[in-house]
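Next up, protein.txt (compact mmCIF, C-alpha atoms):
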```
# COMPACT_ATOMS: atom_id res chain seq x y z
CA MET A 18 85.54 149.79 81.85
CA ALA A 19 86.39 146.31 80.63
CA THR A 20 85.03 143.45 82.64
CA ALA A 21 87.13 140.48 83.57
CA ASN A 22 86.40 137.15 81.99
CA LEU A 23 84.83 135.55 85.02
CA PRO A 24 82.91 132.28 84.88
CA PRO A 25 79.15 132.46 85.37
CA LEU A 26 77.97 132.19 88.92
CA ASP A 27 76.09 128.99 88.17
CA THR A 28 79.17 127.32 86.65
CA GLU A 29 80.75 124.69 88.89
CA LEU A 30 84.48 124.98 89.44
CA GLU A 31 86.38 122.05 87.98
CA ILE A 32 88.05 120.01 90.67
CA ASP A 33 90.60 117.35 89.93
CA PRO A 34 88.98 114.11 91.16
CA MET A 35 92.45 112.65 91.80
CA GLN A 36 93.44 115.42 94.19
CA ASP A 37 94.09 114.13 97.73
CA SER A 38 92.75 110.74 96.69
CA GLY A 39 94.22 107.30 97.02
CA VAL A 40 95.29 107.39 93.37
CA SER A 41 97.19 110.64 93.98
CA SER A 42 98.89 109.13 97.01
CA PHE A 43 99.85 106.08 94.97
CA ARG A 44 101.35 108.32 92.29
CA LYS A 45 103.47 110.09 94.89
CA PHE A 46 104.53 106.76 96.31
CA TRP A 47 105.42 105.38 92.89
CA ARG A 48 107.37 108.54 92.02
CA ARG A 49 109.54 108.10 95.10
CA PHE A 50 109.81 104.33 94.62
CA SER A 51 110.83 104.58 90.97
CA ARG A 52 113.82 106.76 91.86
CA HIS A 53 115.51 103.57 93.00
CA ARG A 54 116.72 101.94 89.79
CA LEU A 55 117.90 98.80 91.56
CA ALA A 56 114.46 98.39 93.12
CA LEU A 57 112.81 98.55 89.69
CA VAL A 58 115.26 95.94 88.42
CA GLY A 59 114.60 93.81 91.50
CA LEU A 60 110.84 94.12 91.04
CA GLY A 61 111.17 93.04 87.41
CA ILE A 62 113.29 90.04 88.42
CA LEU A 63 110.75 89.01 91.06
CA VAL A 64 107.85 89.28 88.62
CA PHE A 65 109.82 87.21 86.10
CA LEU A 66 110.69 84.49 88.63
CA ILE A 67 107.13 84.31 89.94
CA LEU A 68 105.63 84.09 86.45
CA VAL A 69 108.11 81.37 85.46
CA SER A 70 107.18 79.42 88.59
CA ILE A 71 103.45 79.77 87.98
CA PHE A 72 103.62 78.78 84.32
CA ALA A 73 106.26 76.08 84.79
CA PRO A 74 104.00 73.29 83.39
CA PHE A 75 103.78 75.21 80.10
CA LEU A 76 107.49 76.05 79.94
CA THR A 77 109.05 72.63 80.46
CA PRO A 78 107.93 69.12 79.48
CA TYR A 79 109.78 67.48 82.38
CA SER A 80 108.47 66.50 85.78
CA PRO A 81 110.32 67.92 88.78
CA THR A 82 109.82 64.75 90.84
CA THR A 83 109.79 61.76 88.47
CA PRO A 84 113.26 60.12 88.33
CA ASN A 85 114.81 58.88 85.10
CA LEU A 86 117.70 56.58 85.96
CA THR A 87 118.79 56.34 82.33
CA GLN A 88 119.75 60.05 82.29
CA VAL A 89 121.61 60.47 85.55
CA LEU A 90 123.98 63.46 85.97
CA LEU A 91 123.91 64.51 82.33
CA PRO A 92 125.86 67.67 81.42
CA PRO A 93 124.02 70.74 80.04
CA SER A 94 122.61 70.18 76.56
CA ALA A 95 119.85 71.40 74.29
CA ALA A 96 117.43 68.90 75.84
CA HIS A 97 118.54 69.71 79.40
CA PRO A 98 119.96 73.28 79.51
CA LEU A 99 121.20 72.83 83.09
CA GLY A 100 121.74 69.08 82.97
CA THR A 101 120.15 66.47 85.21
CA ASP A 102 120.60 65.53 88.86
CA ALA A 103 121.54 62.24 90.53
CA LEU A 104 118.05 60.84 89.86
CA GLY A 105 117.89 61.94 86.25
CA ARG A 106 115.52 64.86 86.90
CA ASP A 107 115.87 67.97 84.77
CA VAL A 108 117.56 70.68 86.86
CA LEU A 109 115.89 73.58 85.04
CA ALA A 110 112.44 72.03 85.56
CA ARG A 111 113.16 71.63 89.27
CA LEU A 112 114.26 75.27 89.45
CA MET A 113 111.01 76.40 87.84
CA TYR A 114 108.77 74.28 90.05
CA GLY A 115 110.96 74.95 93.09
CA GLY A 116 110.17 78.65 92.83
CA ARG A 117 106.55 77.82 93.54
CA VAL A 118 107.39 76.24 96.88
CA SER A 119 110.03 78.76 97.92
CA PHE A 120 107.91 81.81 97.11
CA MET A 121 104.86 80.18 98.69
CA VAL A 122 106.74 79.56 101.92
CA GLY A 123 108.13 83.10 101.89
CA PHE A 124 104.87 84.92 101.19
CA PHE A 125 102.46 82.91 103.34
CA SER A 126 104.77 82.70 106.36
CA MET A 127 105.20 86.46 106.04
CA ILE A 128 101.42 86.90 106.09
CA ILE A 129 101.13 84.85 109.29
CA ALA A 130 104.04 86.60 111.00
CA THR A 131 102.84 90.05 109.93
CA SER A 132 99.28 89.41 111.10
CA ILE A 133 100.42 88.23 114.53
CA GLY A 134 103.00 90.97 114.90
CA VAL A 135 100.61 93.77 113.93
CA VAL A 136 97.78 92.62 116.21
CA TRP A 137 100.09 91.88 119.14
CA GLY A 138 102.13 95.08 118.88
CA ALA A 139 99.12 97.32 118.25
CA THR A 140 97.17 95.85 121.16
CA SER A 141 100.14 96.16 123.50
CA GLY A 142 100.89 99.74 122.55
CA TYR A 143 97.28 100.90 122.67
CA LEU A 144 96.35 99.28 125.98
CA GLY A 145 99.56 100.29 127.75
CA GLY A 146 100.04 99.78 131.47
CA ILE A 147 100.28 96.28 132.87
CA TRP A 148 99.06 94.71 129.61
CA ASP A 149 101.84 96.39 127.66
CA THR A 150 104.41 95.19 130.18
CA LEU A 151 103.19 91.58 130.18
CA MET A 152 102.87 91.35 126.41
CA MET A 153 106.30 92.84 125.78
CA ARG A 154 107.92 90.57 128.36
CA PHE A 155 106.46 87.62 126.47
CA VAL A 156 108.02 89.01 123.29
CA ASP A 157 111.35 89.30 125.11
CA LEU A 158 111.00 85.68 126.24
CA VAL A 159 110.40 84.45 122.69
CA MET A 160 113.25 86.56 121.31
CA SER A 161 115.67 85.26 123.93
CA PHE A 162 115.70 81.87 122.22
CA PRO A 163 117.32 81.53 118.78
CA ALA A 164 114.51 81.06 116.29
CA ILE A 165 116.44 78.52 114.22
CA PHE A 166 117.05 76.43 117.36
CA LEU A 167 113.36 76.47 118.28
CA LEU A 168 112.45 75.51 114.74
CA LEU A 169 114.84 72.57 114.83
CA VAL A 170 113.36 71.40 118.15
CA VAL A 171 109.78 71.64 116.88
CA LEU A 172 110.62 69.94 113.59
CA ASN A 173 112.39 67.14 115.44
CA LEU A 174 109.38 66.62 117.72
CA THR A 175 106.89 66.53 114.87
CA GLY A 176 109.07 64.57 112.46
CA ALA A 177 112.40 64.96 110.72
CA ASN A 178 110.81 66.70 107.73
CA ALA A 179 107.80 68.96 107.35
CA SER A 180 105.14 69.52 104.75
CA VAL A 181 104.86 72.88 103.02
CA GLY A 182 101.95 73.87 105.26
CA LEU A 183 103.82 73.05 108.45
CA MET A 184 106.92 74.87 107.27
CA ILE A 185 104.84 77.98 106.57
CA LEU A 186 103.22 77.71 110.00
CA TYR A 187 106.55 77.21 111.81
CA LEU A 188 108.24 80.17 110.14
CA GLY A 189 105.20 82.38 110.63
CA LEU A 190 104.87 81.59 114.33
CA PHE A 191 108.53 82.33 115.01
CA GLY A 192 108.91 85.43 112.84
CA TRP A 193 106.56 88.05 114.31
CA THR A 194 108.38 89.33 117.41
CA GLY A 195 110.50 92.04 115.80
CA LEU A 196 107.55 93.49 113.91
CA SER A 197 105.43 93.60 117.08
CA ARG A 198 107.99 95.92 118.69
CA ILE A 199 107.96 98.23 115.65
CA VAL A 200 104.16 98.42 115.58
CA ARG A 201 104.00 98.99 119.35
CA SER A 202 106.33 101.98 119.13
CA GLN A 203 104.28 103.46 116.29
CA VAL A 204 101.00 103.01 118.17
CA LEU A 205 102.45 104.55 121.33
CA SER A 206 103.24 107.72 119.40
CA LEU A 207 99.83 107.85 117.69
CA ARG A 208 97.37 106.96 120.43
CA SER A 209 97.59 110.42 122.04
CA GLN A 210 96.97 112.37 118.83
CA GLU A 211 94.04 114.81 118.74
CA TYR A 212 92.01 112.86 116.19
CA VAL A 213 92.27 109.76 118.38
CA GLU A 214 91.11 111.74 121.42
CA ALA A 215 88.22 113.12 119.37
CA ALA A 216 87.14 109.62 118.36
CA ARG A 217 87.37 108.49 121.97
CA ALA A 218 85.27 111.48 123.10
CA GLN A 219 82.58 110.55 120.58
CA GLY A 220 82.24 107.15 122.24
CA ALA A 221 84.09 105.00 119.71
CA SER A 222 85.12 101.59 121.01
CA ASN A 223 88.75 100.74 121.64
CA ALA A 224 88.75 98.24 118.79
CA ARG A 225 87.34 100.83 116.35
CA ILE A 226 89.81 103.49 117.47
CA LEU A 227 92.74 101.08 117.22
CA PHE A 228 92.02 99.50 113.85
CA LYS A 229 90.39 102.47 112.08
CA HIS A 230 92.19 105.51 113.47
CA VAL A 231 95.51 104.41 114.96
CA LEU A 232 96.74 101.39 113.04
CA PRO A 233 96.47 102.85 109.50
CA GLY A 234 99.00 105.50 110.49
CA ALA A 235 101.43 102.85 111.67
CA MET A 236 101.40 100.66 108.57
CA ALA A 237 104.33 102.18 106.66
CA PRO A 238 107.04 100.21 108.54
CA VAL A 239 104.82 97.12 108.39
CA TRP A 240 105.02 96.98 104.60
CA VAL A 241 108.78 97.36 104.72
CA SER A 242 109.12 94.65 107.36
CA ALA A 243 106.84 92.37 105.34
CA ALA A 244 109.09 92.68 102.28
CA PHE A 245 112.19 91.77 104.26
CA GLY A 246 110.20 89.00 105.98
CA VAL A 247 109.63 87.24 102.66
CA ALA A 248 113.37 87.15 102.00
CA GLY A 249 114.09 85.99 105.55
CA SER A 250 111.57 83.16 105.36
CA MET A 251 112.94 81.97 102.02
CA LEU A 252 116.47 81.90 103.44
CA ALA A 253 115.29 80.12 106.61
CA GLU A 254 113.48 77.47 104.57
CA ALA A 255 116.53 76.91 102.36
CA SER A 256 118.80 76.70 105.42
CA LEU A 257 116.56 74.14 107.13
CA ASP A 258 116.38 72.10 103.92
CA PHE A 259 120.16 72.16 103.60
CA LEU A 260 120.50 70.99 107.22
CA GLY A 261 118.11 68.12 106.56
CA PHE A 262 115.35 69.43 108.84
CA GLY A 263 113.26 71.21 106.25
CA LEU A 264 110.74 70.09 103.69
CA GLN A 265 110.24 66.48 102.72
CA PRO A 266 112.89 65.43 100.16
CA GLN A 267 110.37 64.70 97.41
CA ILE A 268 109.07 68.30 97.48
CA PRO A 269 110.83 70.38 94.80
CA SER A 270 112.20 73.55 96.37
CA TRP A 271 115.40 75.51 95.96
CA GLY A 272 116.52 74.50 99.43
CA ASN A 273 115.98 70.81 98.74
CA MET A 274 117.95 71.17 95.52
CA LEU A 275 120.88 72.50 97.56
CA ASP A 276 120.58 69.62 99.99
CA SER A 277 120.48 66.92 97.31
CA ALA A 278 123.45 68.45 95.46
CA GLU A 279 125.74 68.59 98.49
CA SER A 280 127.53 65.35 97.56
CA TYR A 281 128.25 66.59 94.03
CA ILE A 282 129.65 70.03 94.82
CA VAL A 283 133.05 69.08 93.37
CA THR A 284 132.15 66.72 90.54
CA HIS A 285 128.99 68.52 89.37
CA PRO A 286 129.09 72.07 90.78
CA LEU A 287 126.23 73.29 88.57
CA LEU A 288 123.79 71.25 90.67
CA ILE A 289 124.45 73.47 93.66
CA LEU A 290 125.34 76.68 91.83
CA ALA A 291 122.01 76.87 89.97
CA PRO A 292 119.66 76.88 93.00
CA GLY A 293 122.14 78.85 95.10
CA LEU A 294 122.36 81.58 92.48
CA VAL A 295 118.59 81.75 92.04
CA ILE A 296 118.03 82.04 95.81
CA THR A 297 120.65 84.79 96.01
CA ILE A 298 119.12 86.73 93.12
CA ALA A 299 115.60 86.44 94.56
CA VAL A 300 116.62 87.50 98.07
CA VAL A 301 118.75 90.42 96.85
CA ALA A 302 115.89 91.57 94.59
CA ILE A 303 113.46 91.48 97.53
CA ASN A 304 115.91 93.45 99.66
CA PHE A 305 116.22 96.11 96.94
CA VAL A 306 112.43 96.41 96.84
CA GLY A 307 112.29 96.60 100.64
CA ASP A 308 114.86 99.41 100.71
CA ALA A 309 112.88 101.37 98.13
CA LEU A 310 109.64 100.80 100.05
CA ARG A 311 111.24 102.17 103.19
CA ASP A 312 112.33 105.35 101.42
CA ALA A 313 109.08 105.75 99.45
CA LEU A 314 106.87 105.36 102.53
CA ASP A 315 109.09 107.65 104.63
CA PRO A 316 109.90 110.82 102.62
CA ARG A 317 112.12 112.03 105.46
CA SER A 318 114.41 109.05 104.80
CA THR A 319 114.62 109.95 101.11
CA ALA A 320 115.31 113.59 101.88
CA GLY A 321 118.00 112.55 104.28
CA MET A 322 119.65 110.36 101.66
CA GLN A 323 119.57 113.22 99.16
CA ARG A 324 121.17 115.60 101.65
CA ILE A 325 123.88 113.07 102.41
CA GLY A 326 124.47 112.47 98.70
```

Written form, structure tokens:
Amino acid sequence: MATANLPPLDTELEIDPMQDSGVSSFRKFWRRFSRHRLALVGLGILVFLILVSIFAPFLTPYSPTTPNLTQVLLPPSAAHPLGTDALGRDVLARLMYGGRVSFMVGFFSMIIATSIGVVWGATSGYLGGIWDTLMMRFVDLVMSFPAIFLLLVVLNLTGANASVGLMILYLGLFGWTGLSRIVRSQVLSLRSQEYVEAARAQGASNARILFKHVLPGAMAPVWVSAAFGVAGSMLAEASLDFLGFGLQPQIPSWGNMLDSAESYIVTHPLLILAPGLVITIAVVAINFVGDALRDALDPRSTAGMQRIG
């Protein structure tokens, strides 16, 4: 009777080290994310804009802040591809350097808002009871006032214009309320799960249970909200700059470029079209990435889209 080709008893079975690992999860995430062609294009645009902003000193010989009154309002040329502004500053150089400020405001204000929103919402949802009621009523109170109005009041009290650090702080402190509600709802649905009860029965502290067992399961909508938060902060900064309550005029940012070009919208439209177009492209690209993140982190959403299609 022929014997089957079985491995020796002392031979270890080969196990794929990537199976059920973080790398495998990332591959699944990337597979779902890459189905969104517009998101891949948006991600490429964002990487390009960020790299251009970082390496601006090596890409242009012009200063974004030093005026040159002998070259005021020059049309596009080989020396100045997008022309110069009312102070003789190269428009392309200001676009490159302005990306630094605009992306910095967007990313760091998002980090502040996300941190506050996650901690506040997770604590409220996990504690429940009277603490949940009080904390959510405070959120309702903050959300009852228009954020842009509160920002204008604070900026007016602290000075007509803000530094980059203050602008980041302002936007971060007024941008966390919506996320806190999302995180709270996620934590409310997770805190009664069996693995949470098991950790509680083993004597784990509330802080350990919340941040190690509950919160990781509620992070998917946080990443999506963070992506949209970057775009929202960039738009808010540009809007405040355009209204004259934003960053100090000497700081090169896309919003300040819009503000300084307001008087030349008819005679020199490129001065306002260039930063406006770049802001639009950056925000739309971020929104495409955010949409893809939402579908990649929630397979049910992707399946639903496929069924609808």

task = Name the residues in contact with stretch 104-110 of chain A at a cut-off of 6 Å, using all atoms listed in the file, excluding same-chain residues fewer than 4 positions from it; report them as a ChimeraX atom specification.
result = /A:81,84-86,88-89,99-100

Would you mind exporting C-alpha atoms of the selected residues as a short mmCIF file (atom, residue, chain, number, x, y, z; two decimals), in the frame of the given file?
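Contents of the output file selection_5.cif:
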```cif
data_model
loop_
_atom_site.label_atom_id
_atom_site.label_comp_id
_atom_site.auth_asym_id
_atom_site.auth_seq_id
_atom_site.Cartn_x
_atom_site.Cartn_y
_atom_site.Cartn_z
CA PRO A 81 110.32 67.92 88.78
CA PRO A 84 113.26 60.12 88.33
CA ASN A 85 114.81 58.88 85.10
CA LEU A 86 117.70 56.58 85.96
CA GLN A 88 119.75 60.05 82.29
CA VAL A 89 121.61 60.47 85.55
CA LEU A 99 121.20 72.83 83.09
CA GLY A 100 121.74 69.08 82.97
#
```

Shortest interatomic distance to A:Leu227 - which of A:Leu264, A:Val204, A:Ala96, A:Leu275, counting all atoms listed in the file =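 Smallest distance to A:Leu227 is found for A:Val204.
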
Pick from A:Ser242, A:Thr101, A:Thr87, A:Ser197 nearest to A:Trp137, counting all atoms listed in the file =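 Comparing A:Ser242, A:Thr101, A:Thr87, A:Ser197 against A:Trp137, the winner is A:Ser197.
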
request  = Within 12 Å of stretch 154-158 of chain A, counting only C-alpha atoms, which residues show up once you throw out same-chain ones fewer than 2 positions away? Write them as a list in words, please.
outcome  = Ile133, Gly134, Trp137, Gly138, Ser141, Ile147, Trp148, Asp149, Thr150, Leu151, Met152, Met160, Ser161, Phe162, Pro163, Ala164, Phe191, Gly192, Trp193, Thr194, Gly195, Leu196, Ser197, Arg198, Ile199 and Arg201 of chain A

query = Of the candidates A:Gly189, A:Gly220, A:Pro269, A:Gly123, which shows the shortest atom-to-atom distance to A:Glu254, using all atoms listed in the file?
reply = A:Gly123

task = Excluding A:Ala237 and any residue of its chain fewer than 2 positions from it, enumerate the residues within 8 Å of it, using only C-alpha atoms, and give them as a PyMOL selection string.
result = chain A and resi 234-235+239-241+311+314-315

Any chance you could export the current selection's C-alpha atoms as a CSV table (one decimal), in the coordinates of the input?
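Result written to selection.csv:
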```
chain,number,residue,atom,x,y,z
A,234,GLY,CA,99.0,105.5,110.5
A,235,ALA,CA,101.4,102.8,111.7
A,239,VAL,CA,104.8,97.1,108.4
A,240,TRP,CA,105.0,97.0,104.6
A,241,VAL,CA,108.8,97.4,104.7
A,311,ARG,CA,111.2,102.2,103.2
A,314,LEU,CA,106.9,105.4,102.5
A,315,ASP,CA,109.1,107.6,104.6
```

ask   = Closest to A:Ala130 among A:Val64, A:Leu294, A:Leu188, A:Ala278, using only C-alpha atoms?
value =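 Under the stated criterion, the closest residue is A:Leu188.
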
message = List as a ChimeraX atom specification the protein and nucleic acid residues near A:Leu207, meaning an atom at most 12 Å away when all atoms listed in the file are counted, but skip any in the same chain fewer than 3 places from it.
response = /A:139,142-143,200-204,210-214,226-227,230-236

query = Using only C-alpha atoms, which of A:Gly146, A:Pro286, A:Gly307, A:Gly116 sits nearest A:Ile67?
reply = A:Gly116

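Each of A:Arg208, A:Lys229, A:His53, A:Arg111 was compared to A:Pro292 using all atoms listed in the file, and A:Arg111 turns out to be the nearest.
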
Stretch 274-290 of chain A: axis-aligned bounding box, 4 Å on each side, centre and edge lengths in Å, one decimal, as JSON:
```
{"center_x": 125.5, "center_y": 71.0, "center_z": 94.3, "size_x": 23.1, "size_y": 19.3, "size_z": 19.4}
```

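Note that atom CA of A:Leu112 and atom CA of A:Trp271 are 6.6 Å apart.
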
ask   = atom CA of A:Phe259 to atom CA of A:Gly272: how many Å, to one decimal?
value =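 So the two atoms, atom CA of A:Phe259 and atom CA of A:Gly272, lie 6.0 Å apart.
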
Need to verify the contact set: A:Arg48, 12 Å, all atoms listed in the file, exclusion of same-chain residues closer than 3 positions in sequence. Can you return it as a PDB file with C-alpha atoms, in the coordinates of the input?
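Below you can see result-v5.pdb, which holds the result:
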```pdb
ATOM      1  CA  SER A  41      97.190 110.640  93.980  1.00  0.00           C
ATOM      2  CA  SER A  42      98.890 109.130  97.010  1.00  0.00           C
ATOM      3  CA  PHE A  43      99.850 106.080  94.970  1.00  0.00           C
ATOM      4  CA  ARG A  44     101.350 108.320  92.290  1.00  0.00           C
ATOM      5  CA  LYS A  45     103.470 110.090  94.890  1.00  0.00           C
ATOM      6  CA  SER A  51     110.830 104.580  90.970  1.00  0.00           C
ATOM      7  CA  ARG A  52     113.820 106.760  91.860  1.00  0.00           C
ATOM      8  CA  HIS A  53     115.510 103.570  93.000  1.00  0.00           C
ATOM      9  CA  ARG A  54     116.720 101.940  89.790  1.00  0.00           C
ATOM     10  CA  LEU A  57     112.810  98.550  89.690  1.00  0.00           C
ATOM     11  CA  ALA A 309     112.880 101.370  98.130  1.00  0.00           C
ATOM     12  CA  LEU A 310     109.640 100.800 100.050  1.00  0.00           C
ATOM     13  CA  ASP A 312     112.330 105.350 101.420  1.00  0.00           C
ATOM     14  CA  ALA A 313     109.080 105.750  99.450  1.00  0.00           C
ATOM     15  CA  LEU A 314     106.870 105.360 102.530  1.00  0.00           C
ATOM     16  CA  PRO A 316     109.900 110.820 102.620  1.00  0.00           C
ATOM     17  CA  THR A 319     114.620 109.950 101.110  1.00  0.00           C
TER      18      THR A 319
END
```

note = note - atom CA of A:Ala243 and atom CA of A:Asp308 are separated by 11.6 Å
